[in-house]
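Shown here: start-v2.pdb, PDB, C-alpha atoms.
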ATOM      1  CA  MET J   1      44.052 -82.612 115.123
ATOM      2  CA  SER J   2      41.715 -81.768 112.287
ATOM      3  CA  ASN J   3      42.688 -78.633 110.374
ATOM      4  CA  ILE J   4      39.618 -76.484 111.077
ATOM      5  CA  THR J   5      39.311 -72.744 110.651
ATOM      6  CA  VAL J   6      36.732 -70.980 112.796
ATOM      7  CA  GLU J   7      36.201 -67.272 112.176
ATOM      8  CA  ASN J   8      36.304 -65.029 115.236
ATOM      9  CA  SER J   9      36.834 -68.033 117.519
ATOM     10  CA  SER J  10      38.365 -65.868 120.241
ATOM     11  CA  ALA J  11      35.352 -63.584 120.190
ATOM     12  CA  ILE J  12      33.056 -66.576 120.518
ATOM     13  CA  GLU J  13      35.023 -67.829 123.504
ATOM     14  CA  GLU J  14      34.989 -64.435 125.210
ATOM     15  CA  THR J  15      31.313 -63.574 124.699
ATOM     16  CA  THR J  16      29.855 -66.958 125.578
ATOM     17  CA  ALA J  17      28.810 -67.461 129.194
ATOM     18  CA  LYS J  18      31.113 -69.627 131.303
ATOM     19  CA  PRO J  19      30.397 -73.259 130.441
ATOM     20  CA  ARG J  20      29.505 -75.638 133.235
ATOM     21  CA  ILE J  21      32.161 -78.335 133.367
ATOM     22  CA  ALA J  22      31.679 -81.740 134.946
ATOM     23  CA  VAL J  23      34.488 -84.222 135.524
ATOM     24  CA  VAL J  24      33.604 -87.920 135.506
ATOM     25  CA  ILE J  25      35.966 -90.320 137.296
ATOM     26  CA  PRO J  26      35.169 -94.030 136.821
ATOM     27  CA  CYS J  27      36.754 -95.938 139.704
ATOM     28  CA  TYR J  28      37.709 -99.537 140.342
ATOM     29  CA  ARG J  29      40.202-100.145 143.140
ATOM     30  CA  GLU J  30      41.496 -96.571 143.115
ATOM     31  CA  THR J  31      41.803 -95.795 146.848
ATOM     32  CA  ARG J  32      45.590 -95.345 146.587
ATOM     33  CA  GLN J  33      45.475 -92.449 144.116
ATOM     34  CA  ILE J  34      41.941 -91.058 144.107
ATOM     35  CA  LEU J  35      42.383 -88.437 146.850
ATOM     36  CA  ALA J  36      45.451 -86.978 145.139
ATOM     37  CA  VAL J  37      43.499 -86.777 141.876
ATOM     38  CA  LEU J  38      40.462 -85.138 143.489
ATOM     39  CA  GLY J  39      42.623 -82.503 145.139
ATOM     40  CA  LYS J  40      43.910 -81.205 141.782
ATOM     41  CA  PHE J  41      40.648 -79.901 140.284
ATOM     42  CA  ASP J  42      40.582 -76.110 140.296
ATOM     43  CA  ALA J  43      37.623 -73.713 140.365
ATOM     44  CA  MET J  44      36.875 -74.065 136.647
ATOM     45  CA  VAL J  45      35.338 -77.489 137.375
ATOM     46  CA  ASP J  46      31.715 -77.204 138.538
ATOM     47  CA  HIS J  47      30.962 -80.858 139.295
ATOM     48  CA  ILE J  48      33.171 -83.788 140.299
ATOM     49  CA  ILE J  49      31.401 -87.094 139.708
ATOM     50  CA  VAL J  50      32.973 -90.236 141.166
ATOM     51  CA  ILE J  51      31.570 -93.528 139.881
ATOM     52  CA  ASP J  52      32.288 -96.495 142.153
ATOM     53  CA  ASP J  53      31.985 -99.427 139.741
ATOM     54  CA  ALA J  54      31.230-101.995 142.463
ATOM     55  CA  CYS J  55      34.767-101.573 143.795
ATOM     56  CA  PRO J  56      35.975-104.318 146.170
ATOM     57  CA  ASP J  57      37.813-101.616 148.143
ATOM     58  CA  LYS J  58      34.678 -99.414 148.264
ATOM     59  CA  THR J  59      36.324 -96.417 146.622
ATOM     60  CA  GLY J  60      33.076 -94.438 146.747
ATOM     61  CA  GLU J  61      32.719 -94.765 150.515
ATOM     62  CA  PHE J  62      36.419 -94.046 150.937
ATOM     63  CA  VAL J  63      36.027 -90.779 149.029
ATOM     64  CA  ARG J  64      32.885 -89.846 150.955
ATOM     65  CA  GLU J  65      34.716 -90.269 154.260
ATOM     66  CA  ASN J  66      38.005 -88.624 153.292
ATOM     67  CA  PHE J  67      37.217 -85.874 150.783
ATOM     68  CA  SER J  68      34.879 -82.946 151.319
ATOM     69  CA  ASP J  69      33.873 -80.673 148.448
ATOM     70  CA  PRO J  70      30.459 -79.181 147.592
ATOM     71  CA  ARG J  71      31.082 -80.093 143.952
ATOM     72  CA  LEU J  72      31.406 -83.800 144.748
ATOM     73  CA  HIS J  73      28.807 -86.340 143.624
ATOM     74  CA  ILE J  74      29.249 -90.065 144.253
ATOM     75  CA  VAL J  75      27.404 -92.792 142.364
ATOM     76  CA  ILE J  76      27.861 -96.418 143.433
ATOM     77  CA  HIS J  77      27.104 -99.338 141.107
ATOM     78  CA  GLU J  78      25.709-102.467 142.715
ATOM     79  CA  ASN J  79      27.226-104.555 139.906
ATOM     80  CA  ASN J  80      30.418-103.980 137.954
ATOM     81  CA  GLN J  81      29.643-102.472 134.537
ATOM     82  CA  GLY J  82      33.146-101.928 133.188
ATOM     83  CA  VAL J  83      34.946 -98.659 132.538
ATOM     84  CA  GLY J  84      32.567 -97.818 129.699
ATOM     85  CA  GLY J  85      29.479 -98.474 131.777
ATOM     86  CA  ALA J  86      30.856 -96.389 134.648
ATOM     87  CA  THR J  87      31.713 -93.528 132.293
ATOM     88  CA  LEU J  88      28.246 -93.557 130.729
ATOM     89  CA  THR J  89      26.691 -93.449 134.197
ATOM     90  CA  GLY J  90      28.833 -90.379 134.804
ATOM     91  CA  TYR J  91      27.637 -88.853 131.525
ATOM     92  CA  ASP J  92      24.021 -89.328 132.598
ATOM     93  CA  LYS J  93      24.718 -87.705 135.973
ATOM     94  CA  ALA J  94      26.579 -84.790 134.378
ATOM     95  CA  ILE J  95      23.708 -84.148 131.955
ATOM     96  CA  GLU J  96      21.268 -84.310 134.879
ATOM     97  CA  LEU J  97      23.356 -81.651 136.667
ATOM     98  CA  GLY J  98      23.209 -79.388 133.611
ATOM     99  CA  ALA J  99      26.848 -79.654 132.534
ATOM    100  CA  ASP J 100      27.844 -78.210 129.168
ATOM    101  CA  ILE J 101      31.130 -80.091 128.821
ATOM    102  CA  ILE J 102      31.845 -83.510 130.310
ATOM    103  CA  VAL J 103      35.464 -84.477 130.944
ATOM    104  CA  LYS J 104      36.542 -88.039 131.727
ATOM    105  CA  VAL J 105      39.565 -88.478 133.965
ATOM    106  CA  ASP J 106      40.820 -91.812 135.282
ATOM    107  CA  GLY J 107      41.382 -92.180 139.000
ATOM    108  CA  ASP J 108      44.877 -93.677 138.739
ATOM    109  CA  GLY J 109      46.758 -90.382 138.627
ATOM    110  CA  GLN J 110      48.025 -90.852 135.060
ATOM    111  CA  MET J 111      46.117 -87.845 133.734
ATOM    112  CA  ASP J 112      46.983 -84.305 134.772
ATOM    113  CA  PRO J 113      43.838 -82.329 135.754
ATOM    114  CA  ALA J 114      45.767 -79.152 134.942
ATOM    115  CA  MET J 115      45.443 -80.170 131.276
ATOM    116  CA  ILE J 116      41.636 -79.954 131.336
ATOM    117  CA  LYS J 117      41.682 -76.332 130.183
ATOM    118  CA  THR J 118      43.801 -77.318 127.173
ATOM    119  CA  LEU J 119      41.693 -80.401 126.470
ATOM    120  CA  ILE J 120      38.370 -78.555 126.309
ATOM    121  CA  ARG J 121      39.687 -75.553 124.349
ATOM    122  CA  PRO J 122      38.696 -76.937 120.898
ATOM    123  CA  ILE J 123      35.137 -77.429 122.191
ATOM    124  CA  LEU J 124      34.975 -73.968 123.758
ATOM    125  CA  ARG J 125      36.104 -72.388 120.493
ATOM    126  CA  GLY J 126      33.485 -74.245 118.493
ATOM    127  CA  GLU J 127      36.151 -76.212 116.620
ATOM    128  CA  ALA J 128      35.189 -79.677 117.868
ATOM    129  CA  ASP J 129      32.451 -81.670 119.577
ATOM    130  CA  TYR J 130      34.783 -84.155 121.251
ATOM    131  CA  ALA J 131      38.418 -83.860 122.298
ATOM    132  CA  LYS J 132      40.820 -86.564 123.388
ATOM    133  CA  GLY J 133      44.373 -86.735 124.612
ATOM    134  CA  ASN J 134      47.220 -88.009 122.449
ATOM    135  CA  ARG J 135      50.234 -89.314 124.368
ATOM    136  CA  PHE J 136      52.192 -89.983 121.155
ATOM    137  CA  TYR J 137      52.491 -86.372 120.019
ATOM    138  CA  ARG J 138      55.375 -85.552 122.361
ATOM    139  CA  LEU J 139      58.103 -88.089 121.725
ATOM    140  CA  ASN J 140      60.014 -87.357 124.940
ATOM    141  CA  GLY J 141      57.207 -88.931 126.971
ATOM    142  CA  LEU J 142      57.153 -92.200 125.040
ATOM    143  CA  SER J 143      60.453 -93.455 126.451
ATOM    144  CA  LYS J 144      58.646 -94.484 129.641
ATOM    145  CA  MET J 145      56.024 -96.539 127.796
ATOM    146  CA  PRO J 146      56.787-100.299 127.687
ATOM    147  CA  VAL J 147      57.800-101.427 124.175
ATOM    148  CA  PHE J 148      55.056-104.047 123.857
ATOM    149  CA  ARG J 149      52.422-101.543 124.967
ATOM    150  CA  LEU J 150      53.823 -99.014 122.478
ATOM    151  CA  ILE J 151      53.603-101.493 119.584
ATOM    152  CA  GLY J 152      50.133-102.600 120.660
ATOM    153  CA  ASN J 153      48.915 -99.016 120.801
ATOM    154  CA  LEU J 154      50.308 -98.336 117.336
ATOM    155  CA  ALA J 155      48.452-101.345 115.920
ATOM    156  CA  LEU J 156      45.209-100.444 117.689
ATOM    157  CA  SER J 157      45.514 -96.834 116.548
ATOM    158  CA  PHE J 158      45.641 -97.876 112.896
ATOM    159  CA  ALA J 159      42.714-100.266 113.371
ATOM    160  CA  SER J 160      40.756 -97.453 115.024
ATOM    161  CA  LYS J 161      41.429 -95.134 112.093
ATOM    162  CA  MET J 162      39.797 -97.655 109.763
ATOM    163  CA  SER J 163      36.852 -98.508 111.998
ATOM    164  CA  SER J 164      36.028 -94.963 113.103
ATOM    165  CA  GLY J 165      36.858 -93.034 109.928
ATOM    166  CA  TYR J 166      38.903 -90.488 111.909
ATOM    167  CA  TRP J 167      42.122 -90.976 109.971
ATOM    168  CA  LYS J 168      43.916 -88.055 111.661
ATOM    169  CA  ILE J 169      43.205 -89.260 115.204
ATOM    170  CA  PHE J 170      45.762 -91.286 117.149
ATOM    171  CA  ASP J 171      46.016 -93.041 120.548
ATOM    172  CA  PRO J 172      42.365 -94.256 120.591
ATOM    173  CA  THR J 173      42.613 -96.033 123.959
ATOM    174  CA  ASN J 174      43.498 -92.785 125.743
ATOM    175  CA  GLY J 175      40.799 -92.170 128.340
ATOM    176  CA  PHE J 176      41.426 -88.448 128.857
ATOM    177  CA  THR J 177      38.454 -87.107 126.887
ATOM    178  CA  ALA J 178      35.942 -84.271 126.773
ATOM    179  CA  ILE J 179      32.579 -84.104 125.033
ATOM    180  CA  HIS J 180      29.915 -81.447 124.665
ATOM    181  CA  SER J 181      26.829 -82.629 126.548
ATOM    182  CA  LYS J 182      24.523 -81.815 123.617
ATOM    183  CA  VAL J 183      26.537 -84.146 121.404
ATOM    184  CA  ALA J 184      26.577 -86.858 124.075
ATOM    185  CA  GLN J 185      22.789 -86.772 124.075
ATOM    186  CA  GLU J 186      22.757 -87.281 120.294
ATOM    187  CA  LEU J 187      24.751 -90.519 120.457
ATOM    188  CA  ALA J 188      23.355 -94.043 120.755
ATOM    189  CA  LEU J 189      24.960 -94.418 124.185
ATOM    190  CA  LYS J 190      23.206 -97.706 124.950
ATOM    191  CA  LYS J 191      25.006 -99.299 121.991
ATOM    192  CA  ILE J 192      28.507 -98.261 123.082
ATOM    193  CA  SER J 193      30.786-100.968 124.463
ATOM    194  CA  ARG J 194      30.978-101.073 128.265
ATOM    195  CA  ASP J 195      34.447-102.602 128.499
ATOM    196  CA  TYR J 196      37.900-101.271 127.563
ATOM    197  CA  PHE J 197      36.757-100.908 123.954
ATOM    198  CA  PHE J 198      34.663 -97.955 125.140
ATOM    199  CA  GLU J 199      36.930 -95.155 123.854
ATOM    200  CA  SER J 200      37.346 -96.769 120.421
ATOM    201  CA  ASP J 201      33.629 -97.533 120.145
ATOM    202  CA  MET J 202      32.868 -93.944 121.138
ATOM    203  CA  LEU J 203      34.868 -92.723 118.126
ATOM    204  CA  PHE J 204      32.817 -95.007 115.868
ATOM    205  CA  GLN J 205      29.544 -93.624 117.255
ATOM    206  CA  LEU J 206      30.832 -90.055 116.910
ATOM    207  CA  ASN J 207      31.596 -90.636 113.234
ATOM    208  CA  ILE J 208      28.120 -92.056 112.638
ATOM    209  CA  ALA J 209      26.752 -88.848 114.189
ATOM    210  CA  ARG J 210      29.212 -86.819 112.024
ATOM    211  CA  ALA J 211      30.769 -85.132 115.061
ATOM    212  CA  VAL J 212      34.128 -83.360 114.845
ATOM    213  CA  VAL J 213      36.906 -84.885 116.960
ATOM    214  CA  ALA J 214      40.097 -83.090 117.995
ATOM    215  CA  ASP J 215      43.385 -84.690 119.070
ATOM    216  CA  VAL J 216      45.047 -82.764 121.908
ATOM    217  CA  PRO J 217      48.737 -83.421 122.712
ATOM    218  CA  ILE J 218      49.248 -84.395 126.353
ATOM    219  CA  GLN J 219      52.203 -85.528 128.412
ATOM    220  CA  ALA J 220      52.173 -89.220 129.320
ATOM    221  CA  ILE J 221      52.302 -89.814 133.090
ATOM    222  CA  TYR J 222      53.295 -93.208 134.466
ATOM    223  CA  GLY J 223      53.269 -93.643 138.227
ATOM    224  CA  GLU J 224      53.266 -96.699 140.468
ATOM    225  CA  GLU J 225      49.798 -97.801 139.381
ATOM    226  CA  THR J 226      49.630-100.720 136.944
ATOM    227  CA  SER J 227      47.120-100.360 134.134
ATOM    228  CA  SER J 228      44.275-102.896 134.104
ATOM    229  CA  LEU J 229      44.304-102.787 130.304
ATOM    230  CA  LYS J 230      46.528-105.634 129.110
ATOM    231  CA  ILE J 231      47.314-105.080 125.418
ATOM    232  CA  SER J 232      48.189-108.770 124.935
ATOM    233  CA  ARG J 233      44.718-109.797 126.087
ATOM    234  CA  VAL J 234      42.673-107.257 124.160
ATOM    235  CA  LEU J 235      44.571-107.079 120.861
ATOM    236  CA  LEU J 236      42.678-109.834 119.008
ATOM    237  CA  PRO J 237      39.216-109.074 120.507
ATOM    238  CA  PHE J 238      39.727-105.384 119.728
ATOM    239  CA  PHE J 239      40.661-106.145 116.115
ATOM    240  CA  ALA J 240      37.478-108.218 115.738
ATOM    241  CA  LYS J 241      35.386-105.344 117.098
ATOM    242  CA  HIS J 242      37.204-102.830 114.903
ATOM    243  CA  PHE J 243      36.462-104.958 111.825
ATOM    244  CA  ALA J 244      32.771-105.139 112.758
ATOM    245  CA  ASN J 245      32.632-101.355 113.242
ATOM    246  CA  PHE J 246      34.463-100.807 109.941
ATOM    247  CA  CYS J 247      31.845-102.856 108.088
ATOM    248  CA  ARG J 248      29.000-101.020 109.824
ATOM    249  CA  ARG J 249      30.529 -97.612 109.122
ATOM    250  CA  ILE J 250      31.056 -98.345 105.438
ATOM    251  CA  ALA J 251      27.534 -99.750 105.057
ATOM    252  CA  TYR J 252      25.933 -96.786 106.807
ATOM    253  CA  ASN J 253      28.001 -93.927 105.381
ATOM    254  CA  TYR J 254      28.315 -95.166 101.798
ATOM    255  CA  PHE J 255      25.146 -97.154 101.141
ATOM    256  CA  LEU J 256      22.406 -96.137 103.604
ATOM    257  CA  ARG J 257      23.072 -92.474 104.370
ATOM    258  CA  ASP J 258      24.548 -91.692 100.957
ATOM    259  CA  PHE J 259      25.469 -93.323  97.651
ATOM    260  CA  SER J 260      28.247 -91.537  95.784
ATOM    261  CA  ILE J 261      31.010 -92.243  93.304
ATOM    262  CA  ALA J 262      33.019 -93.600  96.254
ATOM    263  CA  SER J 263      30.298 -96.198  96.828
ATOM    264  CA  VAL J 264      30.593 -97.270  93.184
ATOM    265  CA  GLU J 265      34.388 -97.432  93.477
ATOM    266  CA  LEU J 266      34.126 -99.696  96.506
ATOM    267  CA  VAL J 267      31.694-102.103  94.831
ATOM    268  CA  VAL J 268      33.579-102.238  91.528
ATOM    269  CA  GLY J 269      36.957-102.566  93.239
ATOM    270  CA  VAL J 270      35.792-105.469  95.404
ATOM    271  CA  ILE J 271      34.213-107.226  92.394
ATOM    272  CA  PHE J 272      37.372-106.879  90.301
ATOM    273  CA  ILE J 273      39.678-108.128  93.058
ATOM    274  CA  THR J 274      37.355-111.002  93.956
ATOM    275  CA  PHE J 275      37.189-112.092  90.318
ATOM    276  CA  GLY J 276      40.969-111.846  89.929
ATOM    277  CA  VAL J 277      41.641-113.889  93.073
ATOM    278  CA  ILE J 278      39.105-116.621  92.250
ATOM    279  CA  PHE J 279      39.946-116.882  88.544
ATOM    280  CA  GLY J 280      43.671-116.735  89.208
ATOM    281  CA  GLY J 281      43.411-119.338  91.970
ATOM    282  CA  VAL J 282      41.425-121.737  89.802
ATOM    283  CA  GLU J 283      43.806-121.371  86.854
ATOM    284  CA  TRP J 284      46.846-121.772  89.098
ATOM    285  CA  TYR J 285      45.369-124.981  90.522
ATOM    286  CA  LYS J 286      44.677-126.319  87.004
ATOM    287  CA  SER J 287      48.199-125.463  85.886
ATOM    288  CA  SER J 288      49.870-126.993  88.949
ATOM    289  CA  THR J 289      47.908-130.252  88.751
ATOM    290  CA  SER J 290      48.112-130.707  84.979
ATOM    291  CA  GLY J 291      51.661-129.505  84.536
ATOM    292  CA  ILE J 292      50.566-127.283  81.645
ATOM    293  CA  THR J 293      51.805-123.696  81.894
ATOM    294  CA  ALA J 294      49.044-121.089  81.800
ATOM    295  CA  THR J 295      48.933-118.967  78.663
ATOM    296  CA  ALA J 296      49.836-115.291  78.662
ATOM    297  CA  GLY J 297      46.193-114.442  78.046
ATOM    298  CA  THR J 298      45.095-116.409  81.114
ATOM    299  CA  VAL J 299      47.674-114.640  83.276
ATOM    300  CA  ILE J 300      46.549-111.240  81.995
ATOM    301  CA  ILE J 301      42.867-112.054  82.650
ATOM    302  CA  ALA J 302      43.773-112.920  86.249
ATOM    303  CA  ALA J 303      46.231-110.076  86.872
ATOM    304  CA  LEU J 304      44.441-107.174  85.200
ATOM    305  CA  PRO J 305      41.345-107.207  87.461
ATOM    306  CA  LEU J 306      43.641-107.361  90.501
ATOM    307  CA  LEU J 307      45.620-104.321  89.355
ATOM    308  CA  VAL J 308      42.576-102.307  88.309
ATOM    309  CA  GLY J 309      40.615-103.312  91.407
ATOM    310  CA  SER J 310      43.500-102.307  93.663
ATOM    311  CA  GLN J 311      43.735 -98.872  92.038
ATOM    312  CA  ILE J 312      39.985 -98.358  92.385
ATOM    313  CA  LEU J 313      40.079 -99.319  96.075
ATOM    314  CA  ILE J 314      42.992 -96.925  96.643
ATOM    315  CA  SER J 315      40.853 -94.189  95.101
ATOM    316  CA  PHE J 316      38.021 -95.103  97.484
ATOM    317  CA  LEU J 317      40.417 -95.058 100.433
ATOM    318  CA  ASN J 318      41.622 -91.595  99.446
ATOM    319  CA  PHE J 319      38.011 -90.400  99.417
ATOM    320  CA  ASP J 320      37.360 -91.968 102.826
ATOM    321  CA  VAL J 321      40.441 -90.356 104.377
ATOM    322  CA  HIS J 322      39.195 -86.927 103.291
ATOM    323  CA  ASN J 323      35.604 -87.635 104.342
ATOM    324  CA  GLN J 324      36.132 -86.826 108.023
ATOM    325  CA  PRO J 325      33.465 -84.628 109.651
ATOM    326  CA  ASP J 326      34.623 -80.992 109.665
ATOM    327  CA  ARG J 327      31.553 -79.033 110.824
ATOM    328  CA  PRO J 328      30.906 -79.235 114.585
ATOM    329  CA  LEU J 329      27.426 -80.311 115.642
ATOM    330  CA  HIS J 330      26.943 -78.675 119.029
ATOM    331  CA  PRO J 331      26.659 -75.011 117.892
ATOM    332  CA  ASN J 332      23.466 -75.963 116.049
ATOM    333  CA  LEU J 333      21.947 -78.296 118.641
TER     334      LEU J 333
END
What's the structure tokens form of this structure?
Amino acid sequence: MSNITVENSSAIEETTAKPRIAVVIPCYRETRQILAVLGKFDAMVDHIIVIDDACPDKTGEFVRENFSDPRLHIVIHENNQGVGGATLTGYDKAIELGADIIVKVDGDGQMDPAMIKTLIRPILRGEADYAKGNRFYRLNGLSKMPVFRLIGNLALSFASKMSSGYWKIFDPTNGFTAIHSKVAQELALKKISRDYFFESDMLFQLNIARAVVADVPIQAIYGEETSSLKISRVLLPFFAKHFANFCRRIAYNYFLRDFSIASVELVVGVIFITFGVIFGGVEWYKSSTSGITATAGTVIIAALPLLVGSQILISFLNFDVHNQPDRPLHPNL
């Protein structure tokens, strides 16, 4: 979690009127667990929004027939839009209902609704605009996570740090999230990925908006349900999307929105390394084909730009790591 100090945060929390909280539950084949999940939301939740994403098992109708609660709202998609599309539909409905904070909970029973109060606390205190769960904080819960999924999540977490710019955030594919509705309305929601890349793409869009994100430790819950997210299938496509977002973030934050010494470091570092690689490669090829050993001067001309360029890029990276947003948006919206 970002190290943020907010003066009189407890006073702010106590004097502010009770926020209206909406829970969004995107559903696809969730009839086995959905009723148990719905029964766990206490009185602090004002709206429960179930999104039936064109479920073959008609989860929406199943809920309508088997669960009665005045807070319940059901939206049924005619066509499947993916978990991201279903979540964004829920966001729109929550904003329409006047919610202040929108919480996303999956319908598979792997997220504890009792943790909602803890999840939204950074937003209530004015410390963050968006909060997400982190299953990796408590090591005792990781023993139940399959090894391949654990390794895949570690790799995706590092890729997400680079693409989003939130270097202190971990477990990017965790779907237990909360966002202030005012911040949600500031994002380019139509541009966010509709598939399983949704959570990672959301972090990218939040950074572009300069929103503050908080990591909240949660306990991992693994029941009988099998996750639809197959790390082996999404690893390469996710890396490609992360690389595209990384390029967009760097271009926007360091060349369009601002141009600082870090921008100069990036340009100079890339030029030096590119020159060193090309010059060194050409000279190595000449030496290997002719059998004539390269001179010390030639080696230095190739190596020096690589060393200097690497140091300059490390300096840029250090700047980027410390360039995370630290002033929440929603108090001023």
*When you draw a straight line from atom CA of Ile25 of chain J to atom CA of Val103 of chain J, how long is it in Å?*
8.6 Å
_I want to know what sits within 6 Å of Val83 of chain J, based on only C-alpha atoms, with residues of the same chain fewer than 2 positions away left out; could you give that as a PyMOL selection string?_
chain J and resi 85-86+195
Would you export the selected residues with C-alpha atoms as a PDB file, in the coordinates of the input, please?
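Full text of part06.pdb as output:
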ATOM      1  CA  GLY J  85      29.479 -98.474 131.777  1.00  0.00           C
ATOM      2  CA  ALA J  86      30.856 -96.389 134.648  1.00  0.00           C
ATOM      3  CA  ASP J 195      34.447-102.602 128.499  1.00  0.00           C
TER       4      ASP J 195
END
*Given the file shown, enumerate the residues that the PyMOL selection byres ((chain J and resi 209-218) around 9) captures and present them as a PyMOL selection string.*
chain J and resi 1-2+111-112+115+118-119+122-123+127-138+166+168-171+183+186-187+203-208+219-220+324-330
_Interatomic distance, atom CA of Pro56 of chain J to atom CA of Asp69 of chain J (Å, one decimal)_ = 23.8 Å
*Two-atom distance - atom CA of Val37 of chain J, atom CA of Asp106 of chain J (Å)*: 8.7 Å
Report the centre and edge lengths, in Å to one decimal, of an axis-aligned box enclosing every atom of segment 23-40 of chain J listed in the file, padded by 8 Å on each side, as JSON.
{"center_x": 39.6, "center_y": -90.7, "center_z": 141.2, "size_x": 28.0, "size_y": 34.9, "size_z": 27.3}
Can you rebuild segment 70-81 of chain J with N, CA and C atoms and give it as a compact mmCIF listing (two decimals), in the coordinates of the input?
# COMPACT_ATOMS: atom_id res chain seq x y z
N PRO J 70 31.87 -79.34 148.00
CA PRO J 70 30.46 -79.18 147.59
C PRO J 70 30.20 -79.60 146.15
N ARG J 71 31.24 -79.70 145.35
CA ARG J 71 31.08 -80.09 143.95
C ARG J 71 31.00 -81.61 143.78
N LEU J 72 31.27 -82.35 144.84
CA LEU J 72 31.41 -83.80 144.75
C LEU J 72 30.06 -84.52 144.68
N HIS J 73 29.97 -85.46 143.75
CA HIS J 73 28.81 -86.34 143.62
C HIS J 73 29.34 -87.77 143.49
N ILE J 74 28.79 -88.68 144.28
CA ILE J 74 29.25 -90.06 144.25
C ILE J 74 28.10 -90.97 143.83
N VAL J 75 28.38 -91.80 142.83
CA VAL J 75 27.40 -92.79 142.36
C VAL J 75 28.04 -94.16 142.53
N ILE J 76 27.32 -95.08 143.17
CA ILE J 76 27.86 -96.42 143.43
C ILE J 76 27.06 -97.47 142.67
N HIS J 77 27.74 -98.24 141.84
CA HIS J 77 27.10 -99.34 141.11
C HIS J 77 26.99 -100.56 142.01
N GLU J 78 25.86 -101.22 141.97
CA GLU J 78 25.71 -102.47 142.72
C GLU J 78 26.47 -103.60 142.03
N ASN J 79 26.51 -103.54 140.68
CA ASN J 79 27.23 -104.56 139.91
C ASN J 79 28.25 -103.88 139.00
N ASN J 80 29.37 -104.54 138.80
CA ASN J 80 30.42 -103.98 137.95
C ASN J 80 29.94 -103.88 136.51
N GLN J 81 30.10 -102.71 135.91
CA GLN J 81 29.64 -102.47 134.54
C GLN J 81 30.79 -102.18 133.57
